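Chemist: Below is structure_1.pdb; it holds PDB, C-alpha atoms and all ligand atoms.
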MODEL        1
ATOM      1  CA  MET A   1     -19.202 -12.662 -19.510
ATOM      2  CA  ARG A   2     -17.471 -10.914 -16.592
ATOM      3  CA  ARG A   3     -16.617 -13.298 -13.771
ATOM      4  CA  ARG A   4     -17.770 -12.180 -10.369
ATOM      5  CA  LEU A   5     -16.043 -13.355  -7.229
ATOM      6  CA  ALA A   6     -17.789 -13.731  -3.905
ATOM      7  CA  THR A   7     -15.696 -11.872  -1.327
ATOM      8  CA  ARG A   8     -16.305 -10.958   2.260
ATOM      9  CA  ARG A   9     -17.558  -7.384   2.493
ATOM     10  CA  PHE A  10     -17.083  -5.475   5.741
ATOM     11  CA  ASP A  11     -19.912  -3.126   6.680
ATOM     12  CA  PRO A  12     -18.532  -0.461   9.060
ATOM     13  CA  LEU A  13     -22.052   0.457  10.189
ATOM     14  CA  THR A  14     -22.996  -3.005  11.341
ATOM     15  CA  ASP A  15     -19.435  -4.248  11.977
ATOM     16  CA  GLN A  16     -20.355  -7.324   9.962
ATOM     17  CA  VAL A  17     -18.360  -9.214   7.364
ATOM     18  CA  ASN A  18     -20.620 -10.638   4.657
ATOM     19  CA  LEU A  19     -20.175 -12.616   1.499
ATOM     20  CA  HIS A  20     -20.778 -10.189  -1.317
ATOM     21  CA  PRO A  21     -19.864 -10.125  -5.005
ATOM     22  CA  ARG A  22     -18.387  -6.942  -6.478
ATOM     23  CA  ASP A  23     -16.822  -5.646  -9.661
ATOM     24  CA  PRO A  24     -13.017  -5.409  -9.831
ATOM     25  CA  VAL A  25     -11.393  -2.149  -8.781
ATOM     26  CA  ARG A  26      -7.893  -0.742  -9.415
ATOM     27  CA  ALA A  27      -6.162  -0.484  -6.025
ATOM     28  CA  TYR A  28      -2.739   1.089  -5.418
ATOM     29  CA  ILE A  29      -0.621  -0.188  -2.541
ATOM     30  CA  GLY A  30       2.528   1.392  -1.111
ATOM     31  CA  LEU A  31       5.248  -0.847   0.294
ATOM     32  CA  GLY A  32       8.094   0.090   2.630
ATOM     33  CA  ALA A  33      10.664  -1.792   4.717
ATOM     34  CA  ASN A  34      13.759  -0.753   6.657
ATOM     35  CA  LEU A  35      14.741  -3.709   8.801
ATOM     36  CA  GLY A  36      16.592  -6.894   7.844
ATOM     37  CA  ASP A  37      16.847  -7.671   4.124
ATOM     38  CA  ALA A  38      14.400  -4.919   3.148
ATOM     39  CA  ARG A  39      14.716  -5.423  -0.616
ATOM     40  CA  ARG A  40      13.938  -9.114  -0.298
ATOM     41  CA  THR A  41      11.022  -8.412   2.047
ATOM     42  CA  VAL A  42       9.466  -5.929  -0.387
ATOM     43  CA  LEU A  43       9.873  -8.292  -3.350
ATOM     44  CA  ALA A  44       8.328 -11.178  -1.359
ATOM     45  CA  ALA A  45       5.447  -8.907  -0.327
ATOM     46  CA  ILE A  46       4.791  -8.017  -3.973
ATOM     47  CA  ASP A  47       4.539 -11.755  -4.712
ATOM     48  CA  SER A  48       2.113 -12.195  -1.808
ATOM     49  CA  LEU A  49      -0.009  -9.261  -2.973
ATOM     50  CA  ALA A  50      -0.099 -10.633  -6.519
ATOM     51  CA  GLY A  51      -1.460 -13.904  -5.088
ATOM     52  CA  LEU A  52      -4.310 -12.374  -3.076
ATOM     53  CA  PRO A  53      -7.705 -13.911  -3.819
ATOM     54  CA  GLY A  54      -9.637 -12.211  -6.599
ATOM     55  CA  SER A  55      -6.623 -10.013  -7.384
ATOM     56  CA  ARG A  56      -4.212  -9.563 -10.280
ATOM     57  CA  LEU A  57      -0.972  -7.560 -10.356
ATOM     58  CA  VAL A  58      -1.251  -5.008 -13.169
ATOM     59  CA  ALA A  59       1.757  -2.753 -12.497
ATOM     60  CA  ARG A  60       4.789  -2.580 -10.240
ATOM     61  CA  SER A  61       7.178   0.343  -9.839
ATOM     62  CA  GLY A  62      10.901  -0.089  -9.499
ATOM     63  CA  LEU A  63      12.392  -0.135  -6.015
ATOM     64  CA  TYR A  64      13.557   3.101  -4.338
ATOM     65  CA  TRP A  65      15.746   3.998  -1.380
ATOM     66  CA  SER A  66      14.301   6.737   0.822
ATOM     67  CA  ALA A  67      15.339   8.470   4.032
ATOM     68  CA  PRO A  68      13.124   7.709   7.063
ATOM     69  CA  LEU A  69      10.326  10.283   7.302
ATOM     70  CA  GLU A  70       8.547  10.539  10.681
ATOM     71  CA  ALA A  71      10.310   7.243  11.422
ATOM     72  CA  THR A  72      13.638   5.967  12.709
ATOM     73  CA  GLY A  73      16.300   3.485  11.576
ATOM     74  CA  PRO A  74      18.056   2.804   8.284
ATOM     75  CA  ASP A  75      16.906   4.014   4.869
ATOM     76  CA  PHE A  76      13.723   2.432   3.540
ATOM     77  CA  VAL A  77      13.179   0.329   0.446
ATOM     78  CA  ASN A  78       9.912   1.479  -1.188
ATOM     79  CA  ALA A  79       7.700   0.567  -4.118
ATOM     80  CA  VAL A  80       4.105   0.999  -5.285
ATOM     81  CA  ILE A  81       2.021  -1.617  -7.053
ATOM     82  CA  ALA A  82      -1.386  -1.646  -8.743
ATOM     83  CA  LEU A  83      -3.784  -4.542  -8.263
ATOM     84  CA  GLN A  84      -7.006  -5.205 -10.095
ATOM     85  CA  THR A  85      -9.031  -6.669  -7.259
ATOM     86  CA  SER A  86     -12.452  -7.920  -6.302
ATOM     87  CA  LEU A  87     -11.603  -7.629  -2.612
ATOM     88  CA  GLU A  88     -13.611  -5.051  -0.698
ATOM     89  CA  ALA A  89     -11.416  -2.273   0.720
ATOM     90  CA  HIS A  90     -11.583  -3.356   4.384
ATOM     91  CA  GLU A  91     -10.927  -6.941   3.354
ATOM     92  CA  MET A  92      -7.920  -5.670   1.420
ATOM     93  CA  LEU A  93      -6.679  -3.865   4.561
ATOM     94  CA  LEU A  94      -7.002  -7.110   6.558
ATOM     95  CA  GLN A  95      -5.004  -8.938   3.906
ATOM     96  CA  LEU A  96      -2.296  -6.241   3.987
ATOM     97  CA  GLN A  97      -2.059  -6.540   7.763
ATOM     98  CA  GLN A  98      -1.766 -10.331   7.521
ATOM     99  CA  ILE A  99       1.111  -9.995   5.045
ATOM    100  CA  GLU A 100       2.794  -7.457   7.380
ATOM    101  CA  THR A 101       2.418  -9.832  10.325
ATOM    102  CA  ALA A 102       3.741 -12.787   8.320
ATOM    103  CA  ALA A 103       6.820 -10.683   7.494
ATOM    104  CA  GLY A 104       7.469 -10.299  11.231
ATOM    105  CA  ARG A 105       6.030  -6.803  11.636
ATOM    106  CA  LEU A 106       5.980  -5.629  15.259
ATOM    107  CA  ARG A 107       4.553  -2.318  16.476
ATOM    108  CA  PRO A 108       6.595  -1.585  19.643
ATOM    109  CA  TYR A 109       5.939   2.154  19.333
ATOM    110  CA  ARG A 110       4.563   4.643  16.784
ATOM    111  CA  ASN A 111       6.756   5.036  13.684
ATOM    112  CA  ALA A 112       9.190   2.342  14.853
ATOM    113  CA  PRO A 113      11.465   0.750  12.230
ATOM    114  CA  ARG A 114       9.464  -1.850  10.370
ATOM    115  CA  THR A 115      10.136  -5.099   8.562
ATOM    116  CA  LEU A 116       7.220  -4.273   6.298
ATOM    117  CA  ASP A 117       4.644  -1.485   5.973
ATOM    118  CA  LEU A 118       1.772  -1.800   3.502
ATOM    119  CA  ASP A 119      -0.599   1.103   2.861
ATOM    120  CA  LEU A 120      -3.752   1.078   0.789
ATOM    121  CA  LEU A 121      -3.198   4.329  -1.116
ATOM    122  CA  LEU A 122      -6.139   4.375  -3.528
ATOM    123  CA  TYR A 123      -9.099   2.074  -4.079
ATOM    124  CA  GLY A 124     -10.604   3.010  -7.401
ATOM    125  CA  THR A 125     -12.127   6.450  -6.952
ATOM    126  CA  ALA A 126     -13.485   5.618  -3.493
ATOM    127  CA  CYS A 127     -13.302   8.015  -0.557
ATOM    128  CA  ILE A 128     -13.401   5.961   2.627
ATOM    129  CA  ASN A 129     -13.369   7.392   6.106
ATOM    130  CA  SER A 130     -14.083   4.596   8.535
ATOM    131  CA  PRO A 131     -12.468   4.073  11.961
ATOM    132  CA  HIS A 132      -9.850   1.677  10.572
ATOM    133  CA  LEU A 133      -9.402   2.879   7.027
ATOM    134  CA  GLN A 134      -8.954   6.205   5.286
ATOM    135  CA  VAL A 135      -8.655   6.230   1.487
ATOM    136  CA  PRO A 136      -7.079   8.004  -0.309
ATOM    137  CA  HIS A 137      -4.332   7.438   2.261
ATOM    138  CA  PRO A 138      -4.316  10.747   4.189
ATOM    139  CA  ARG A 139      -0.538  11.290   4.018
ATOM    140  CA  MET A 140       0.254   9.926   0.576
ATOM    141  CA  PHE A 141       0.616  13.365  -1.067
ATOM    142  CA  GLU A 142       3.182  14.443   1.561
ATOM    143  CA  ARG A 143       5.502  11.537   0.804
ATOM    144  CA  ALA A 144       7.980  11.383  -2.055
ATOM    145  CA  PHE A 145       8.473   7.655  -1.384
ATOM    146  CA  VAL A 146       4.821   7.195  -2.393
ATOM    147  CA  LEU A 147       4.416   9.773  -5.151
ATOM    148  CA  LEU A 148       7.576   8.988  -7.130
ATOM    149  CA  PRO A 149       6.873   5.261  -7.536
ATOM    150  CA  LEU A 150       3.161   5.988  -8.041
ATOM    151  CA  ALA A 151       3.982   8.487 -10.802
ATOM    152  CA  GLU A 152       6.155   5.817 -12.441
ATOM    153  CA  ILE A 153       3.212   3.399 -12.864
ATOM    154  CA  ALA A 154       0.290   5.879 -13.009
ATOM    155  CA  PRO A 155       1.569   9.300 -14.146
ATOM    156  CA  GLU A 156      -1.988  10.546 -14.633
ATOM    157  CA  LEU A 157      -2.553  10.347 -10.866
ATOM    158  CA  VAL A 158       0.325  12.642  -9.835
ATOM    159  CA  SER A 159       0.884  16.237 -10.944
ATOM    160  CA  SER A 160       4.286  17.836 -11.514
ATOM    161  CA  GLY A 161       3.355  20.394  -8.846
ATOM    162  CA  GLN A 162       2.775  17.647  -6.288
ATOM    163  CA  LEU A 163       6.153  16.119  -7.112
ATOM    164  CA  ALA A 164       7.904  19.506  -7.024
ATOM    165  CA  ALA A 165       6.526  20.162  -3.521
ATOM    166  CA  LEU A 166       8.413  17.105  -2.235
ATOM    167  CA  GLU A 167      11.766  17.836  -3.876
ATOM    168  CA  GLY A 168      13.522  18.253  -0.502
ATOM    169  CA  GLN A 169      12.906  14.630   0.498
ATOM    170  CA  ARG A 170      15.833  12.273  -0.064
ATOM    171  CA  ILE A 171      14.871   9.420  -2.395
ATOM    172  CA  LYS A 172      16.618   7.631  -5.258
ATOM    173  CA  PRO A 173      15.818   4.704  -7.519
ATOM    174  CA  MET A 174      17.581   1.474  -6.589
ATOM    175  CA  VAL A 175      20.022   0.530  -9.326
ATOM    176  CA  ARG A 176      19.256  -3.191  -8.997
ATOM    177  CA  SER A 177      15.471  -3.355  -8.600
TER     178      SER A 177
HETATM  179  P1  LIG B   1       0.881   1.695  10.340
HETATM  180  O1  LIG B   1       1.247   1.380  11.761
HETATM  181  O2  LIG B   1       1.565   2.886   9.777
HETATM  182  O3  LIG B   1       0.960   0.486   9.441
HETATM  183  O4  LIG B   1      -0.657   2.114  10.360
HETATM  184  C1  LIG B   1      -1.601   1.110  10.388
HETATM  185  C2  LIG B   1      -2.905   1.699  10.908
HETATM  186  O5  LIG B   1      -3.395   2.676  10.006
HETATM  187  C3  LIG B   1      -3.939   0.604  11.064
HETATM  188  O6  LIG B   1      -4.548   0.734  12.310
HETATM  189  C4  LIG B   1      -4.941   0.891   9.955
HETATM  190  O7  LIG B   1      -6.245   0.579  10.380
HETATM  191  C5  LIG B   1      -4.760   2.377   9.731
HETATM  192  N1  LIG B   1      -5.058   2.832   8.379
HETATM  193  C6  LIG B   1      -5.946   3.800   8.076
HETATM  194  N2  LIG B   1      -5.997   4.009   6.761
HETATM  195  C7  LIG B   1      -5.098   3.167   6.182
HETATM  196  C8  LIG B   1      -4.712   2.908   4.830
HETATM  197  N3  LIG B   1      -5.250   3.580   3.792
HETATM  198  N4  LIG B   1      -3.769   1.940   4.610
HETATM  199  C9  LIG B   1      -3.217   1.272   5.647
HETATM  200  N5  LIG B   1      -3.538   1.457   6.953
HETATM  201  C10 LIG B   1      -4.494   2.390   7.225
ENDMDL
END
Represent the structure from my file as structure tokens, please.
Ligand code: AMP
Modeler:
Amino acid sequence: MRRRLATRRFDPLTDQVNLHPRDPVRAYIGLGANLGDARRTVLAAIDSLAGLPGSRLVARSGLYWSAPLEATGPDFVNAVIALQTSLEAHEMLLQLQQIETAAGRLRPYRNAPRTLDLDLLLYGTACINSPHLQVPHPRMFERAFVLLPLAEIAPELVSSGQLAALEGQRIKPMVRS
């Protein structure tokens, strides 16, 4: 028998958070960091994500170095993971923001260097367009630091044409990941 987990479901129409059971969904999350010990921060964040309630880590890409894109500061460390999760998408976003805050994330200005950035890239096949959450992430297909690690763990989700379009962006796998 499939176990169902009661999770809080956010209803954007009523602005309410309710207890609601739901079936697990495959969610893809992009991670990036370019301040402090970025590699360590990303690895710790993967551990935190794997421990989220009602969630199980099913895949993790290697780590990549990428040049800042629409951002400033040193090169980023990036990765993408897949979670099988019973969390509702807005609840997942809240959890991502809590992990960012716990890692010391500040938002002094738009696109500032960041200790940790977590993006909900895909949530099953859902299309979400609420005030606080857009899924699929609206810029994911413009970013090599998302598509390369995503293609590593879910090649069926990324076409060779999409990868070829981003060839000019500087990104390389981390040797020790
Ligand atoms: P950032 O400062 O780049 O971390 O952007 C965070 C903001 O983007 C927050 O206000 C979120 O509500 C919003 N946002 C919208 N869609 C997404 C998404 N798919 N993943 C993460 N943040 C999102």
Chemist: Can you tell me which residues sit at most 12 Å away from ligand LIG 1 (chain B), counting all atoms listed in the file, written as number ranges by chain?
Modeler: A: 27-33, 69-71, 89-101, 105-123, 126-140
Chemist: If we count all atoms listed in the file, what is near Leu57 in chain A at a cut-off of 9 Å, once residues fewer than 6 positions away on the same chain are taken out, given as a count of residues only?
Modeler: 10
Chemist: Determine, counting only C-alpha atoms, which protein, DNA and RNA residues have an atom within 8 Å of an atom of Ala67 in chain A; residues of the same chain fewer than 2 positions away are not included. Present the result as a list in words.
Modeler: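 Neighbouring residues, sequence-local ones excluded: Trp65, Leu69, Pro74, Asp75, Phe76, Gln169, Arg170 and Ile171 of chain A.
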Chemist: Run the PyMOL selection byres (((chain A and resi 167) around 12) and not hetatm) against the file shown and list the residues it catches, as an MDAnalysis selection string.
Modeler: chainID A and resid 142:145 147:148 160:166 168:172
Chemist: Residues at most 10 Å from Glu152 in chain A, counting only C-alpha atoms, excluding those fewer than 4 positions away in the same chain, as a short mmCIF file (atom, residue, chain, number, x, y, z; two decimals) with C-alpha atoms, keeping the file's coordinate frame?
Modeler:
data_model
loop_
_atom_site.label_atom_id
_atom_site.label_comp_id
_atom_site.auth_asym_id
_atom_site.auth_seq_id
_atom_site.Cartn_x
_atom_site.Cartn_y
_atom_site.Cartn_z
CA ALA A 59 1.76 -2.75 -12.50
CA ARG A 60 4.79 -2.58 -10.24
CA SER A 61 7.18 0.34 -9.84
CA GLY A 62 10.90 -0.09 -9.50
CA ALA A 79 7.70 0.57 -4.12
CA VAL A 80 4.11 1.00 -5.28
CA LEU A 147 4.42 9.77 -5.15
CA LEU A 148 7.58 8.99 -7.13
CA GLU A 156 -1.99 10.55 -14.63
CA LEU A 157 -2.55 10.35 -10.87
CA VAL A 158 0.32 12.64 -9.84
#
Chemist: Let me make sure I understand: among A:Ala45, A:Val175, A:Leu87, A:Val58, which one has the smallest atom-to-atom distance to Ile153 in chain A if we use all atoms listed in the file?
Modeler: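 Of all the options, A:Val58 lies closest to Ile153 in chain A.
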Chemist: Rank A:Ser55, A:Asn78, A:Gly73, A:Arg26 by their smallest atom-to-atom distance to Arg40 in chain A, using all atoms listed in the file, and report the top residue only.
Modeler: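 So, comparing all the options, the nearest one is A:Asn78.
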